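Undergrad: Mind looking over this structure? Questions follow.
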Amino acid sequence: MQLFNLALGLLLLMTLGGGIWRALRGPSAADRMLSVQVFGTAAVAVLLLLAQAFGQAALRDVALAFALLAAVTAVAFVRRAWAEEVDCDPE
Amino acid sequence: MDRLTLVLWIFDSVTGLGLLLLAGWALASPQLFRGIILFVAFSLMMSIAWVRIDAPDVALAEIAIGAGLTGALLLAALSRLGDSEPTQESMNRPIERSYRARTFRSLTASLLAAVAVALVFLILALPGDSEGLGAEVAASLDASGVSSPVTAVLLNFRGYDTLLELLVLLLALLGVWSLGGLPAQPVSPAVLVLDTLARILIPVLLLSSAYLLWAGTHAPGGAFQAGAVLGAAGVLLSLAGWQVRQRYTGVTLRLLLIAGPSLFLAFALYTIVAGQSLLEYPPQRAGVMIVLLEVAATLSIGTTLAALFVAEGPRNKEGQ
């Protein structure tokens, strides 16, 4: 079971490569922001898997803290950095 | 068991390689926005690395302060750069590459390279089979008043480090305020989605902050992590257009800001007057004193971080 959890964690870590590619390429700021949000979600999942694999309950707190703060970062992006774009972008 | 080692080895290699690449890209990125995004990704990867070297406390601090709050702070700072109304172009504005900038960069690079060489040298010079101070901390854990070795070191054995960290944070805010702060941003009313999100998320953030504070006495957690989550609640409130009433932004705000540092200083004075050395708590009262310190420090850290995010001068301040 430990091996299974760790293998899943490794798989998730690999999928982050796709996220990084999008963060590097863009092209729009929203693409990059969403890619790092996906990155965060995957990191939360990796932390939960590691918590399960090593039986370290404290890692769930780490995952909890980031899951909460990621939402705040996303709001900061939308309200402060993206406000103009929303107004003039028809999409 | 063999396959387990292999999977762990690949896991660590991917993390380490990812860290190096992300750090390089974040630093070399010509666009500031992309740099911020890559920095947040780096911070996330870093916290996974901290977990792997068995330092969940640092992972928690890294993820709460590095990836969470600093990301929001940097985004807000970027939106205030230059144009008051940032657009796609201003977010993707390339960094200035003048002759002076290049000289400065190469100077910084050589300085950092020298530091890196010195660090590598120091690490190689360390005795390989040293136990570190872990055993000593474990031996005197009973006298510290808490059962988490990290909290014992941070707030008891090396309390003055934490005291100075709190003062640094306060100084950062005083610096922002001394420069006059930034002009107040026009507050646009929050749309329904954001309003609902804030109403749901703020209580959860407050509860989690209290939980992390409580957890700090026996598990990873503590004042800085709890303060970061509390500060995030303030940031979210400010982003949702919520404002503190004018009468709370004077003395009340300042009292919250100095609660942690001043309680720390009071305890430092008390221990000296009581005939012990600086911040050497009496063992039977150490637990209570540490919890009091953590509560005050959490309030101060949260308020300071939120006020740093708002970054307005003390005259027209809002913030937590």
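Please note that chains go A, B, ... in the order of the structure tokens, that every chain numbers its residues from 1, and that ligands are numbered from 1 in the order shown.
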Would you give me, as an MDAnalysis selection string, the residues of chain B that come within 8 Å of chain A, using only C-alpha atoms?

TA: chainID B and resid 3:4 7:8 10:11 14:15 33:34 37:38 40:41 44:45 48 51 56 59:60 63:64 67:69 71:72 75:76 78:79 85:88 91 194 201 205 208 212 219:220 229 232 235:236 239

Undergrad: If you keep C-alpha atoms, can you produce a file of those selected residues as an mmCIF file, in the first residue's frame?

TA:
```
data_model
loop_
_atom_site.group_PDB
_atom_site.id
_atom_site.type_symbol
_atom_site.label_atom_id
_atom_site.label_comp_id
_atom_site.auth_asym_id
_atom_site.auth_seq_id
_atom_site.Cartn_x
_atom_site.Cartn_y
_atom_site.Cartn_z
ATOM 1 C CA ARG B 3 10.970 -1.308 -5.410
ATOM 2 C CA LEU B 4 10.062 1.139 -2.643
ATOM 3 C CA VAL B 7 10.295 4.778 -6.294
ATOM 4 C CA LEU B 8 11.572 7.036 -3.502
ATOM 5 C CA ILE B 10 12.968 8.629 -8.542
ATOM 6 C CA PHE B 11 10.603 10.788 -6.470
ATOM 7 C CA VAL B 14 12.292 14.519 -9.848
ATOM 8 C CA THR B 15 11.763 16.890 -6.908
ATOM 9 C CA PHE B 33 4.343 37.896 -13.800
ATOM 10 C CA ARG B 34 5.822 34.661 -15.088
ATOM 11 C CA ILE B 37 4.081 32.180 -11.007
ATOM 12 C CA LEU B 38 7.274 30.150 -11.204
ATOM 13 C CA VAL B 40 4.987 30.015 -6.302
ATOM 14 C CA ALA B 41 5.509 26.703 -8.126
ATOM 15 C CA LEU B 44 5.304 24.270 -3.591
ATOM 16 C CA MET B 45 8.020 21.943 -4.861
ATOM 17 C CA ILE B 48 7.482 18.687 -0.874
ATOM 18 C CA VAL B 51 8.620 16.850 3.693
ATOM 19 C CA PRO B 56 7.158 19.018 8.146
ATOM 20 C CA ALA B 59 7.192 22.522 4.863
ATOM 21 C CA LEU B 60 4.198 24.078 6.585
ATOM 22 C CA ILE B 63 3.745 26.514 1.920
ATOM 23 C CA ALA B 64 1.822 29.019 4.076
ATOM 24 C CA ALA B 67 3.575 29.826 -1.743
ATOM 25 C CA GLY B 68 0.427 31.232 -0.158
ATOM 26 C CA LEU B 69 0.916 34.693 1.252
ATOM 27 C CA GLY B 71 2.374 34.844 -3.901
ATOM 28 C CA ALA B 72 -0.599 37.082 -3.103
ATOM 29 C CA LEU B 75 0.740 39.737 -7.291
ATOM 30 C CA ALA B 76 -0.623 42.795 -5.492
ATOM 31 C CA LEU B 78 2.985 43.772 -9.442
ATOM 32 C CA SER B 79 -0.433 45.290 -10.007
ATOM 33 C CA GLU B 85 -4.535 50.075 -14.161
ATOM 34 C CA PRO B 86 -2.472 47.032 -15.127
ATOM 35 C CA THR B 87 -3.089 45.483 -18.507
ATOM 36 C CA GLN B 88 -1.847 42.434 -20.300
ATOM 37 C CA MET B 91 1.946 42.300 -16.664
ATOM 38 C CA LEU B 194 -16.340 36.471 -4.277
ATOM 39 C CA LEU B 201 -13.729 30.806 3.614
ATOM 40 C CA LEU B 205 -9.369 30.290 7.756
ATOM 41 C CA SER B 208 -7.541 26.628 10.767
ATOM 42 C CA LEU B 212 -2.416 25.396 13.697
ATOM 43 C CA ALA B 219 3.045 18.815 16.393
ATOM 44 C CA PRO B 220 4.101 20.891 13.363
ATOM 45 C CA VAL B 229 -3.319 31.781 7.737
ATOM 46 C CA ALA B 232 -4.600 35.358 4.596
ATOM 47 C CA VAL B 235 -6.007 39.638 2.759
ATOM 48 C CA LEU B 236 -9.209 37.951 1.568
ATOM 49 C CA LEU B 239 -9.772 41.847 -1.516
#
```

Undergrad: Using only C-alpha atoms, determine which residues lie at most 7 Å from region 127-144 of chain B, disregarding the query and same-chain residues fewer than 5 positions distant; provide the list as JSON, numbers by chain.

TA: {"B": [149, 152, 156, 283, 286]}

Undergrad: Pick out the closest residue to Leu21 (chain B) from this set: B:Ile301, B:Val295, B:Val273, B:Met46. Count only C-alpha atoms.

TA: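 Among the listed residues, B:Met46 lies closest to Leu21 (chain B).
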
Undergrad: With only C-alpha atoms as the basis for distance, which of B:Ala215, B:Leu192, B:Leu171, B:Val153 is at the shortest distance from Glu280 (chain B)?

TA: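 Distance minimum relative to Glu280 (chain B) lands on B:Val153.
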
Undergrad: How far is it from CA of Thr249 (chain B) to CA of Ala77 (chain B), in Å with one decimal?

TA: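 Going from CA of Thr249 (chain B) over to CA of Ala77 (chain B) covers 22.3 Å.
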
Undergrad: In Å, how far is it from CA of Gln284 (chain B) to CA of Gly145 (chain B)?

TA: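 CA of Gly145 (chain B) lies at a distance of 7.4 Å from CA of Gln284 (chain B).
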
Undergrad: So the first atom is CA of Leu173 (chain B) and the second is CA of Ser238 (chain B); what is the distance between them in Å, to one decimal place?

TA: 16.7 Å
